[in-house]
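Source file: data-v6.cif (mmCIF, C-alpha atoms)
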data_final
loop_
_atom_site.group_PDB
_atom_site.id
_atom_site.type_symbol
_atom_site.label_atom_id
_atom_site.label_comp_id
_atom_site.auth_asym_id
_atom_site.auth_seq_id
_atom_site.Cartn_x
_atom_site.Cartn_y
_atom_site.Cartn_z
ATOM 1 C CA MET A 1 0.000 0.000 0.000
ATOM 2 C CA LYS A 2 1.286 3.444 -0.922
ATOM 3 C CA THR A 3 2.286 5.487 2.099
ATOM 4 C CA SER A 4 2.505 9.254 1.777
ATOM 5 C CA PHE A 5 4.481 11.526 4.022
ATOM 6 C CA SER A 6 3.532 15.140 4.538
ATOM 7 C CA VAL A 7 6.211 17.795 4.670
ATOM 8 C CA SER A 8 5.696 21.283 5.931
ATOM 9 C CA ASN A 9 6.216 22.884 2.520
ATOM 10 C CA ALA A 10 7.432 22.254 -1.013
ATOM 11 C CA LYS A 11 10.516 24.391 -0.526
ATOM 12 C CA LYS A 12 11.848 22.016 2.119
ATOM 13 C CA LEU A 13 11.281 19.044 -0.182
ATOM 14 C CA HIS A 14 13.075 20.893 -2.971
ATOM 15 C CA GLU A 15 16.011 21.545 -0.631
ATOM 16 C CA LYS A 16 16.063 17.870 0.324
ATOM 17 C CA ILE A 17 16.243 16.799 -3.323
ATOM 18 C CA VAL A 18 18.945 19.383 -4.061
ATOM 19 C CA ASN A 19 21.088 18.180 -1.150
ATOM 20 C CA THR A 20 20.752 14.564 -2.280
ATOM 21 C CA LEU A 21 21.820 15.407 -5.832
ATOM 22 C CA VAL A 22 24.776 17.478 -4.665
ATOM 23 C CA GLU A 23 25.977 14.780 -2.268
ATOM 24 C CA GLU A 24 25.308 11.631 -4.299
ATOM 25 C CA LYS A 25 25.227 12.731 -7.951
ATOM 26 C CA LYS A 26 27.963 15.323 -7.369
ATOM 27 C CA SER A 27 25.887 17.894 -9.224
ATOM 28 C CA ASP A 28 26.861 21.499 -8.805
ATOM 29 C CA LEU A 29 24.324 23.525 -6.866
ATOM 30 C CA GLN A 30 22.730 25.272 -9.851
ATOM 31 C CA GLU A 31 22.291 22.025 -11.789
ATOM 32 C CA ALA A 32 20.827 20.322 -8.718
ATOM 33 C CA LYS A 33 18.282 23.111 -8.209
ATOM 34 C CA LEU A 34 17.128 22.916 -11.834
ATOM 35 C CA LEU A 35 16.852 19.131 -11.732
ATOM 36 C CA ALA A 36 14.852 19.332 -8.528
ATOM 37 C CA TYR A 37 12.430 21.864 -10.028
ATOM 38 C CA TYR A 38 11.902 19.686 -13.116
ATOM 39 C CA LEU A 39 11.455 16.531 -11.053
ATOM 40 C CA MET A 40 8.945 18.107 -8.693
ATOM 41 C CA GLU A 41 6.941 19.572 -11.567
ATOM 42 C CA PHE A 42 6.822 16.118 -13.143
ATOM 43 C CA LEU A 43 5.955 14.190 -9.975
ATOM 44 C CA TYR A 44 3.698 16.642 -8.183
ATOM 45 C CA GLU A 45 2.505 19.094 -10.861
ATOM 46 C CA ILE A 46 3.891 21.982 -8.894
ATOM 47 C CA ASP A 47 5.812 24.839 -10.471
ATOM 48 C CA LYS A 48 8.768 26.870 -9.278
ATOM 49 C CA THR A 49 6.606 29.709 -7.995
ATOM 50 C CA ALA A 50 4.557 27.362 -5.816
ATOM 51 C CA ILE A 51 7.756 25.822 -4.459
ATOM 52 C CA LEU A 52 9.222 29.203 -3.548
ATOM 53 C CA LEU A 53 5.937 30.173 -1.909
ATOM 54 C CA GLU A 54 6.325 27.099 0.299
ATOM 55 C CA LYS A 55 3.059 25.447 -0.689
ATOM 56 C CA SER A 56 2.170 22.279 1.196
ATOM 57 C CA ILE A 57 2.988 19.067 -0.600
ATOM 58 C CA GLU A 58 2.534 15.360 0.034
ATOM 59 C CA TYR A 59 4.862 12.765 -1.410
ATOM 60 C CA ASP A 60 5.748 9.107 -1.306
ATOM 61 C CA GLU A 61 9.299 8.605 -0.055
ATOM 62 C CA LEU A 62 9.931 5.297 -1.856
ATOM 63 C CA SER A 63 8.697 6.628 -5.172
ATOM 64 C CA LEU A 64 10.760 9.791 -4.842
ATOM 65 C CA GLN A 65 13.887 7.794 -4.011
ATOM 66 C CA SER A 66 13.435 5.594 -7.080
ATOM 67 C CA TYR A 67 13.425 8.664 -9.317
ATOM 68 C CA LEU A 68 16.385 10.179 -7.485
ATOM 69 C CA GLN A 69 18.373 6.982 -8.025
ATOM 70 C CA ARG A 70 17.728 7.225 -11.755
ATOM 71 C CA LEU A 71 19.112 10.763 -11.741
ATOM 72 C CA ILE A 72 22.085 9.748 -9.610
ATOM 73 C CA LYS A 73 22.928 6.968 -12.089
ATOM 74 C CA GLY A 74 23.033 9.572 -14.839
ATOM 75 C CA GLU A 75 19.712 9.151 -16.623
ATOM 76 C CA PRO A 76 18.807 12.495 -18.236
ATOM 77 C CA ILE A 77 15.897 14.295 -16.610
ATOM 78 C CA GLN A 78 14.361 14.615 -20.091
ATOM 79 C CA TYR A 79 14.033 10.837 -20.358
ATOM 80 C CA ILE A 80 12.608 10.580 -16.855
ATOM 81 C CA THR A 81 9.964 13.233 -17.511
ATOM 82 C CA GLN A 82 9.757 12.337 -21.246
ATOM 83 C CA LYS A 83 9.764 16.061 -21.901
ATOM 84 C CA ALA A 84 12.250 18.501 -23.424
ATOM 85 C CA TYR A 85 12.127 22.166 -24.364
ATOM 86 C CA PHE A 86 13.312 23.424 -27.730
ATOM 87 C CA TYR A 87 13.026 26.892 -29.245
ATOM 88 C CA GLY A 88 10.297 27.762 -26.761
ATOM 89 C CA LEU A 89 8.315 24.582 -27.464
ATOM 90 C CA GLU A 90 7.572 21.589 -25.282
ATOM 91 C CA LEU A 91 8.433 18.279 -26.972
ATOM 92 C CA SER A 92 8.086 14.643 -25.998
ATOM 93 C CA VAL A 93 11.276 12.575 -26.006
ATOM 94 C CA ASN A 94 12.099 8.988 -25.107
ATOM 95 C CA GLU A 95 14.822 6.383 -25.585
ATOM 96 C CA HIS A 96 14.191 6.389 -29.353
ATOM 97 C CA THR A 97 15.051 10.081 -29.788
ATOM 98 C CA LEU A 98 17.980 12.327 -29.067
ATOM 99 C CA ILE A 99 17.463 15.099 -26.563
ATOM 100 C CA PRO A 100 17.382 18.350 -28.610
ATOM 101 C CA ARG A 101 20.504 20.455 -28.096
ATOM 102 C CA PRO A 102 21.036 24.230 -27.889
ATOM 103 C CA GLU A 103 23.269 24.042 -30.982
ATOM 104 C CA THR A 104 20.301 22.766 -32.962
ATOM 105 C CA GLU A 105 18.305 25.771 -31.786
ATOM 106 C CA GLU A 106 21.088 27.850 -33.319
ATOM 107 C CA LEU A 107 20.599 25.949 -36.587
ATOM 108 C CA VAL A 108 16.888 26.781 -36.562
ATOM 109 C CA GLU A 109 17.675 30.446 -35.945
ATOM 110 C CA LEU A 110 20.178 30.426 -38.815
ATOM 111 C CA ILE A 111 17.590 28.980 -41.193
ATOM 112 C CA ILE A 112 14.960 31.518 -40.148
ATOM 113 C CA GLN A 113 17.422 34.348 -40.732
ATOM 114 C CA ARG A 114 18.322 33.069 -44.200
ATOM 115 C CA ILE A 115 14.749 32.338 -45.310
ATOM 116 C CA GLY A 116 13.480 35.698 -44.148
ATOM 117 C CA LYS A 117 9.890 36.273 -45.201
ATOM 118 C CA LYS A 118 9.885 33.800 -48.079
ATOM 119 C CA ASN A 119 6.975 31.402 -48.036
ATOM 120 C CA LEU A 120 5.456 28.555 -50.032
ATOM 121 C CA LEU A 121 8.770 26.729 -49.745
ATOM 122 C CA ARG A 122 9.105 22.940 -49.697
ATOM 123 C CA ILE A 123 11.435 22.010 -46.846
ATOM 124 C CA ALA A 124 12.706 18.540 -45.895
ATOM 125 C CA ASP A 125 14.376 17.606 -42.604
ATOM 126 C CA ILE A 126 16.241 14.325 -43.011
ATOM 127 C CA GLY A 127 16.861 12.286 -39.865
ATOM 128 C CA THR A 128 14.225 14.263 -37.998
ATOM 129 C CA GLY A 129 14.365 12.506 -34.606
ATOM 130 C CA SER A 130 11.911 14.200 -32.252
ATOM 131 C CA GLY A 131 10.856 16.485 -35.111
ATOM 132 C CA CYS A 132 12.280 19.482 -33.276
ATOM 133 C CA ILE A 133 13.660 21.268 -36.354
ATOM 134 C CA PRO A 134 10.627 21.196 -38.687
ATOM 135 C CA ILE A 135 8.214 21.775 -35.795
ATOM 136 C CA ALA A 136 10.106 24.874 -34.646
ATOM 137 C CA LEU A 137 10.298 26.148 -38.215
ATOM 138 C CA ALA A 138 6.625 25.462 -38.856
ATOM 139 C CA LYS A 139 5.661 27.447 -35.752
ATOM 140 C CA GLN A 140 7.736 30.421 -36.901
ATOM 141 C CA LEU A 141 7.210 30.102 -40.672
ATOM 142 C CA PRO A 142 3.865 28.356 -41.136
ATOM 143 C CA ASP A 143 3.322 29.201 -44.810
ATOM 144 C CA ASN A 144 5.698 26.516 -46.052
ATOM 145 C CA GLN A 145 5.361 22.786 -46.716
ATOM 146 C CA TYR A 146 7.410 20.558 -44.403
ATOM 147 C CA PHE A 147 8.581 16.963 -44.789
ATOM 148 C CA ALA A 148 10.301 14.973 -42.039
ATOM 149 C CA VAL A 149 12.195 11.768 -42.792
ATOM 150 C CA ASP A 150 13.547 9.164 -40.371
ATOM 151 C CA ILE A 151 14.549 5.507 -40.511
ATOM 152 C CA SER A 152 12.851 4.537 -37.232
ATOM 153 C CA PRO A 153 9.085 4.063 -36.929
ATOM 154 C CA ASN A 154 9.388 4.479 -33.152
ATOM 155 C CA THR A 155 11.124 7.813 -33.601
ATOM 156 C CA LEU A 156 8.565 8.978 -36.152
ATOM 157 C CA ALA A 157 5.764 8.129 -33.731
ATOM 158 C CA VAL A 158 7.281 10.580 -31.238
ATOM 159 C CA ALA A 159 7.779 13.236 -33.926
ATOM 160 C CA LYS A 160 4.190 12.885 -35.145
ATOM 161 C CA ASP A 161 2.911 13.287 -31.587
ATOM 162 C CA ASN A 162 5.057 16.397 -31.144
ATOM 163 C CA ALA A 163 3.703 17.933 -34.336
ATOM 164 C CA LYS A 164 0.150 17.275 -33.214
ATOM 165 C CA LYS A 165 0.738 18.716 -29.741
ATOM 166 C CA ASN A 166 2.282 21.846 -31.227
ATOM 167 C CA ASP A 167 -0.441 22.203 -33.854
ATOM 168 C CA VAL A 168 1.723 22.147 -36.987
ATOM 169 C CA ARG A 169 1.286 20.269 -40.258
ATOM 170 C CA ILE A 170 4.221 18.130 -41.349
ATOM 171 C CA SER A 171 4.377 15.148 -43.715
ATOM 172 C CA PHE A 172 6.282 12.266 -42.092
ATOM 173 C CA ILE A 173 8.115 9.642 -44.120
ATOM 174 C CA GLN A 174 9.853 6.491 -42.898
ATOM 175 C CA GLN A 175 12.946 5.973 -45.008
ATOM 176 C CA ASP A 176 16.602 4.979 -44.731
ATOM 177 C CA ILE A 177 18.392 7.902 -46.334
ATOM 178 C CA LEU A 178 21.355 5.708 -47.252
ATOM 179 C CA THR A 179 19.385 3.343 -49.490
ATOM 180 C CA LYS A 180 19.458 3.769 -53.223
ATOM 181 C CA ASN A 181 15.682 4.021 -53.382
ATOM 182 C CA LEU A 182 15.570 7.150 -51.219
ATOM 183 C CA LEU A 183 12.071 8.495 -51.561
ATOM 184 C CA ARG A 184 12.184 11.547 -53.789
ATOM 185 C CA ILE A 185 10.336 14.634 -52.599
ATOM 186 C CA PHE A 186 10.522 16.923 -55.586
ATOM 187 C CA PRO A 187 11.104 19.775 -55.975
ATOM 188 C CA LEU A 188 12.633 21.029 -52.736
ATOM 189 C CA HIS A 189 13.796 24.484 -51.779
ATOM 190 C CA ILE A 190 15.637 23.490 -48.611
ATOM 191 C CA ILE A 191 17.180 20.290 -47.224
ATOM 192 C CA ILE A 192 18.058 20.299 -43.533
ATOM 193 C CA SER A 193 19.808 17.626 -41.522
ATOM 194 C CA ASN A 194 21.415 16.972 -38.179
ATOM 195 C CA PRO A 195 22.426 13.363 -38.913
ATOM 196 C CA PRO A 196 24.719 10.992 -37.001
ATOM 197 C CA TYR A 197 28.119 12.689 -37.145
ATOM 198 C CA ILE A 198 30.183 11.439 -34.204
ATOM 199 C CA CYS A 199 32.869 8.946 -35.226
ATOM 200 C CA VAL A 200 33.063 5.724 -33.248
ATOM 201 C CA ASN A 201 36.598 6.545 -32.135
ATOM 202 C CA GLU A 202 35.265 9.657 -30.353
ATOM 203 C CA LYS A 203 33.249 7.583 -27.887
ATOM 204 C CA THR A 204 35.995 7.730 -25.261
ATOM 205 C CA THR A 205 35.677 11.520 -25.098
ATOM 206 C CA MET A 206 31.911 11.580 -24.675
ATOM 207 C CA ASN A 207 29.775 12.127 -21.610
ATOM 208 C CA LYS A 208 28.797 8.818 -20.015
ATOM 209 C CA THR A 209 25.172 9.935 -19.756
ATOM 210 C CA VAL A 210 24.970 10.324 -23.538
ATOM 211 C CA MET A 211 26.650 6.971 -24.110
ATOM 212 C CA ASP A 212 24.445 5.099 -21.662
ATOM 213 C CA TYR A 213 21.061 6.540 -22.562
ATOM 214 C CA GLU A 214 20.841 8.206 -25.967
ATOM 215 C CA PRO A 215 20.306 6.102 -29.130
ATOM 216 C CA ASP A 216 23.509 5.055 -30.905
ATOM 217 C CA ILE A 217 21.777 5.033 -34.286
ATOM 218 C CA ALA A 218 21.260 8.798 -34.032
ATOM 219 C CA LEU A 219 24.796 9.567 -32.875
ATOM 220 C CA PHE A 220 27.511 7.513 -34.521
ATOM 221 C CA VAL A 221 29.071 7.026 -37.916
ATOM 222 C CA ALA A 222 31.993 4.808 -38.957
ATOM 223 C CA ASN A 223 35.486 6.293 -38.538
ATOM 224 C CA GLU A 224 36.248 5.611 -42.200
ATOM 225 C CA THR A 225 33.256 7.569 -43.523
ATOM 226 C CA PRO A 226 32.646 10.603 -41.287
ATOM 227 C CA LEU A 227 30.728 12.453 -44.019
ATOM 228 C CA LEU A 228 28.660 9.458 -45.132
ATOM 229 C CA PHE A 229 25.243 10.977 -44.500
ATOM 230 C CA TYR A 230 26.190 14.427 -45.740
ATOM 231 C CA GLU A 231 27.541 13.137 -49.026
ATOM 232 C CA LYS A 232 24.354 11.171 -49.602
ATOM 233 C CA MET A 233 22.249 14.263 -48.918
ATOM 234 C CA ALA A 234 24.441 16.462 -51.108
ATOM 235 C CA LEU A 235 23.835 14.067 -53.997
ATOM 236 C CA TYR A 236 20.145 13.932 -53.155
ATOM 237 C CA GLY A 237 20.095 17.711 -53.223
ATOM 238 C CA LEU A 238 21.534 17.782 -56.733
ATOM 239 C CA ASP A 239 18.529 15.732 -57.862
ATOM 240 C CA THR A 240 15.778 17.415 -55.876
ATOM 241 C CA LEU A 241 16.713 21.011 -54.990
ATOM 242 C CA VAL A 242 15.611 23.851 -57.223
ATOM 243 C CA SER A 243 18.323 26.129 -58.557
ATOM 244 C CA GLY A 244 19.211 28.413 -55.650
ATOM 245 C CA GLY A 245 17.970 25.844 -53.126
ATOM 246 C CA TYR A 246 19.762 25.476 -49.800
ATOM 247 C CA LEU A 247 21.470 22.774 -47.798
ATOM 248 C CA PHE A 248 21.614 23.417 -44.037
ATOM 249 C CA PHE A 249 23.601 20.901 -41.973
ATOM 250 C CA GLU A 250 24.642 20.587 -38.352
ATOM 251 C CA ILE A 251 28.141 19.085 -38.435
ATOM 252 C CA ASN A 252 30.971 17.597 -36.413
ATOM 253 C CA GLN A 253 33.356 20.400 -35.455
ATOM 254 C CA LEU A 254 36.328 18.243 -36.508
ATOM 255 C CA TYR A 255 35.257 18.053 -40.142
ATOM 256 C CA GLY A 256 34.406 21.598 -41.138
ATOM 257 C CA GLU A 257 37.029 21.893 -43.856
ATOM 258 C CA ALA A 258 36.344 18.382 -45.132
ATOM 259 C CA MET A 259 32.675 19.328 -45.373
ATOM 260 C CA ARG A 260 33.517 22.474 -47.326
ATOM 261 C CA ALA A 261 35.679 20.485 -49.739
ATOM 262 C CA MET A 262 32.987 17.853 -50.273
ATOM 263 C CA LEU A 263 30.264 20.394 -51.032
ATOM 264 C CA LEU A 264 32.526 22.279 -53.434
ATOM 265 C CA HIS A 265 33.409 18.969 -55.107
ATOM 266 C CA TYR A 266 29.719 18.511 -55.904
ATOM 267 C CA ASN A 267 29.620 22.033 -57.353
ATOM 268 C CA TYR A 268 27.587 23.681 -54.622
ATOM 269 C CA ILE A 269 28.194 27.421 -54.396
ATOM 270 C CA GLU A 270 28.439 29.971 -51.572
ATOM 271 C CA VAL A 271 29.565 27.199 -49.240
ATOM 272 C CA GLU A 272 29.912 28.398 -45.639
ATOM 273 C CA ILE A 273 31.148 26.689 -42.488
ATOM 274 C CA LEU A 274 29.771 28.613 -39.532
ATOM 275 C CA LYS A 275 30.616 28.463 -35.846
ATOM 276 C CA ASP A 276 28.244 27.915 -32.938
ATOM 277 C CA LEU A 277 28.118 30.156 -29.880
ATOM 278 C CA SER A 278 30.947 28.130 -28.339
ATOM 279 C CA GLY A 279 33.241 28.963 -31.256
ATOM 280 C CA ASN A 280 33.215 25.495 -32.831
ATOM 281 C CA ASP A 281 32.597 24.739 -36.507
ATOM 282 C CA ARG A 282 28.986 23.539 -36.299
ATOM 283 C CA PHE A 283 26.959 24.422 -39.379
ATOM 284 C CA ALA A 284 27.374 24.048 -43.132
ATOM 285 C CA VAL A 285 25.335 26.087 -45.596
ATOM 286 C CA ALA A 286 25.460 25.651 -49.364
ATOM 287 C CA ILE A 287 23.419 26.599 -52.422
ATOM 288 C CA LYS A 288 22.677 24.533 -55.485
ATOM 289 C CA PRO A 289 23.702 26.496 -58.593
#
If you took the structure in this file and wrote it as structure tokens, what would it be?
Amino acid sequence: MKTSFSVSNAKKLHEKIVNTLVEEKKSDLQEAKLLAYYLMEFLYEIDKTAILLEKSIEYDELSLQSYLQRLIKGEPIQYITQKAYFYGLELSVNEHTLIPRPETEELVELIIQRIGKKNLLRIADIGTGSGCIPIALAKQLPDNQYFAVDISPNTLAVAKDNAKKNDVRISFIQQDILTKNLLRIFPLHIIISNPPYICVNEKTTMNKTVMDYEPDIALFVANETPLLFYEKMALYGLDTLVSGGYLFFEINQLYGEAMRAMLLHYNYIEVEILKDLSGNDRFAVAIKP
């Protein structure tokens, strides 16, 4: 039988969670406070304001400890709550999808800046994951037609749910972009992708939380072919993009110059390798002549 324990106020429970995370997870204080706010909102439907106002709250100690142990072991709070925030939107995530990153928000902002007020464009996001990129674009630039492609039916189910929750219209397509029979969506004005771009030999440098919980299929590419997905999409773009159409890629910071060379090899023009806010090569932009 579930046993609940009353505490005098939510602020004390928040402080208890923070102290546990600092002591056992070795979180810094700011991270621990944020995690505690997210966890309490998820478990008790109580927001930060109510916590600071010391509202009364009742909780089950065993249940709370089970969630805390998941955090202490390194499971991302987004997978525990099955919720992530991206470009001001709330998205569902689970073990089939990557957690959207701030760098990808920068990619969305870059695209919006370049598109300006153009509309009636046909835009494809290849390897869509949670659908974060086309959903964010569709909220900001609704007068375009969006396509989202992914290999995984489980991932597409999450993306479709996110589009519905955020009230945007996107056409979803299950397809392996590396197969020769890549479904042709023609014509296109823009191709976007944040595909797997981390080489297997980089695993030793990665955060253990990412390695243990996020899907390998969305992260890694063979050491021998670091630009595998990009080259496929560049060729696809030659077939499907209108003249003057754009490629927008999020890239591995180690391969910026290799990316530039590849796109120039395929005769794309105005090729740019742009840095993220951390100063790393992170985005490639190119135009089909």
Atom pair CA of Leu247 in chain A / CA of Lys165 in chain A: separation (Å):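 Separation of CA of Leu247 in chain A and CA of Lys165 in chain A: 27.8 Å.
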Shortest interatomic distance to Pro226 in chain A - which of A:Leu110, A:Gly129, A:Tyr266, A:Asn252, counting all atoms listed in the file: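 Of A:Leu110, A:Gly129, A:Tyr266, A:Asn252, the one nearest Pro226 in chain A is A:Asn252, counting all atoms listed in the file.
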Who sits within 9 Å of Asn19 in chain A, only C-alpha atoms, same chain under 5 positions skipped, as a ChimeraX atom specification: /A:14,24,29,32
What does the file look like for those residues with C-alpha atoms, as a CSV table (one decimal), in the frame of the given file?
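Written file, result-v8.csv:
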chain,number,residue,atom,x,y,z
A,14,HIS,CA,13.1,20.9,-3.0
A,24,GLU,CA,25.3,11.6,-4.3
A,29,LEU,CA,24.3,23.5,-6.9
A,32,ALA,CA,20.8,20.3,-8.7
Residue with smallest distance to Ala159 in chain A - pool A:Val93, A:Ile57, A:Leu107, A:Ile192, counting all atoms listed in the file: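 Residue with the minimum atom-to-atom distance to Ala159 in chain A: A:Val93.
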Given the PyMOL selection byres ((chain A and resi 279-286) around 7), the residues it picks as an MDAnalysis selection string: chainID A and resid 246:253 256 268:278 287:288
Would you write out, as an mmCIF file with C-alpha atoms, in the coordinates of the input, every residue that the PyMOL selection byres ((chain A and resi 133-141) around 8) captures in this file?
data_model
loop_
_atom_site.group_PDB
_atom_site.id
_atom_site.type_symbol
_atom_site.label_atom_id
_atom_site.label_comp_id
_atom_site.auth_asym_id
_atom_site.auth_seq_id
_atom_site.Cartn_x
_atom_site.Cartn_y
_atom_site.Cartn_z
ATOM 1 C CA PHE A 86 13.312 23.424 -27.730
ATOM 2 C CA TYR A 87 13.026 26.892 -29.245
ATOM 3 C CA LEU A 89 8.315 24.582 -27.464
ATOM 4 C CA THR A 104 20.301 22.766 -32.962
ATOM 5 C CA GLU A 105 18.305 25.771 -31.786
ATOM 6 C CA VAL A 108 16.888 26.781 -36.562
ATOM 7 C CA ILE A 112 14.960 31.518 -40.148
ATOM 8 C CA ASN A 119 6.975 31.402 -48.036
ATOM 9 C CA ALA A 124 12.706 18.540 -45.895
ATOM 10 C CA ASP A 125 14.376 17.606 -42.604
ATOM 11 C CA THR A 128 14.225 14.263 -37.998
ATOM 12 C CA GLY A 131 10.856 16.485 -35.111
ATOM 13 C CA CYS A 132 12.280 19.482 -33.276
ATOM 14 C CA PRO A 142 3.865 28.356 -41.136
ATOM 15 C CA ASP A 143 3.322 29.201 -44.810
ATOM 16 C CA ASN A 144 5.698 26.516 -46.052
ATOM 17 C CA TYR A 146 7.410 20.558 -44.403
ATOM 18 C CA PHE A 147 8.581 16.963 -44.789
ATOM 19 C CA ALA A 148 10.301 14.973 -42.039
ATOM 20 C CA ASN A 162 5.057 16.397 -31.144
ATOM 21 C CA ALA A 163 3.703 17.933 -34.336
ATOM 22 C CA ASN A 166 2.282 21.846 -31.227
ATOM 23 C CA VAL A 168 1.723 22.147 -36.987
ATOM 24 C CA ARG A 169 1.286 20.269 -40.258
ATOM 25 C CA ILE A 170 4.221 18.130 -41.349
#
Nearest residue to Leu64 in chain A from the set A:Thr20, A:Asn9, A:Thr225, A:Ser193 (distances using only C-alpha atoms):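 Counting only C-alpha atoms, the residue closest to Leu64 in chain A is A:Thr20.
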Explicit residue set for the PyMOL selection byres ((chain A and resi 122) around 6), as a ChimeraX atom specification: /A:121,123,145,188-189
Nearest to Phe229 in chain A by atom-to-atom distance, counting only C-alpha atoms, from A:Met206, A:Ala157, A:Leu254, A:Ile177: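 Among the listed residues, the smallest separation from Phe229 in chain A belongs to A:Ile177.
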Range 74-78 of chain A surroundings by all atoms listed in the file, 12 Å radius, close-in-sequence under 6 positions cut, as number ranges by chain: A: 21, 24-27, 31-32, 34-43, 66-68, 84-86, 90-95, 97-101, 207-214
Can you write just those residues out, C-alpha atoms, as a short mmCIF file (atom, residue, chain, number, x, y, z; two decimals), in the coordinates of the input?
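Generated file (result32.cif):
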data_model
loop_
_atom_site.label_atom_id
_atom_site.label_comp_id
_atom_site.auth_asym_id
_atom_site.auth_seq_id
_atom_site.Cartn_x
_atom_site.Cartn_y
_atom_site.Cartn_z
CA LEU A 21 21.82 15.41 -5.83
CA GLU A 24 25.31 11.63 -4.30
CA LYS A 25 25.23 12.73 -7.95
CA LYS A 26 27.96 15.32 -7.37
CA SER A 27 25.89 17.89 -9.22
CA GLU A 31 22.29 22.02 -11.79
CA ALA A 32 20.83 20.32 -8.72
CA LEU A 34 17.13 22.92 -11.83
CA LEU A 35 16.85 19.13 -11.73
CA ALA A 36 14.85 19.33 -8.53
CA TYR A 37 12.43 21.86 -10.03
CA TYR A 38 11.90 19.69 -13.12
CA LEU A 39 11.46 16.53 -11.05
CA MET A 40 8.94 18.11 -8.69
CA GLU A 41 6.94 19.57 -11.57
CA PHE A 42 6.82 16.12 -13.14
CA LEU A 43 5.96 14.19 -9.98
CA SER A 66 13.44 5.59 -7.08
CA TYR A 67 13.42 8.66 -9.32
CA LEU A 68 16.39 10.18 -7.48
CA ALA A 84 12.25 18.50 -23.42
CA TYR A 85 12.13 22.17 -24.36
CA PHE A 86 13.31 23.42 -27.73
CA GLU A 90 7.57 21.59 -25.28
CA LEU A 91 8.43 18.28 -26.97
CA SER A 92 8.09 14.64 -26.00
CA VAL A 93 11.28 12.58 -26.01
CA ASN A 94 12.10 8.99 -25.11
CA GLU A 95 14.82 6.38 -25.58
CA THR A 97 15.05 10.08 -29.79
CA LEU A 98 17.98 12.33 -29.07
CA ILE A 99 17.46 15.10 -26.56
CA PRO A 100 17.38 18.35 -28.61
CA ARG A 101 20.50 20.45 -28.10
CA ASN A 207 29.78 12.13 -21.61
CA LYS A 208 28.80 8.82 -20.02
CA THR A 209 25.17 9.94 -19.76
CA VAL A 210 24.97 10.32 -23.54
CA MET A 211 26.65 6.97 -24.11
CA ASP A 212 24.44 5.10 -21.66
CA TYR A 213 21.06 6.54 -22.56
CA GLU A 214 20.84 8.21 -25.97
#
Please determine an axis-aligned box that encloses all atoms of range 214-228 of chain A listed in the file, with 5 Å added on each side, and express its centre and edge lengths in Å to one decimal as AutoDock Vina command-line options.
--center_x 28.3 --center_y 8.6 --center_z -35.5 --size_x 25.9 --size_y 17.6 --size_z 29.2
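Across A:Leu241, A:Ala218, A:Met233, A:Leu178, the tightest approach to Met262 in chain A is made by A:Met233 when counting all atoms listed in the file.
Minimum atom-to-atom distances from A:Glu257, A:Asp47, A:Glu58, A:Glu106 to Asn194 in chain A were compared using all atoms listed in the file, and the lowest value belongs to A:Glu106.
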Between CA of Lys33 in chain A and CA of Thr204 in chain A - distance in Å to one decimal: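 It comes out at 29.0 Å.
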Straight-line distance linking CA of Asn223 in chain A with CA of Glu202 in chain A, stated in Å to one decimal: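 Result for CA of Asn223 in chain A versus CA of Glu202 in chain A: 8.9 Å, one decimal.
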Test item: which residues lie within 10 Å of (5.7, 10.0, -46.6) counting all atoms listed in the file, as a PyMOL selection string: chain A and resi 147-149+170-175+183-185
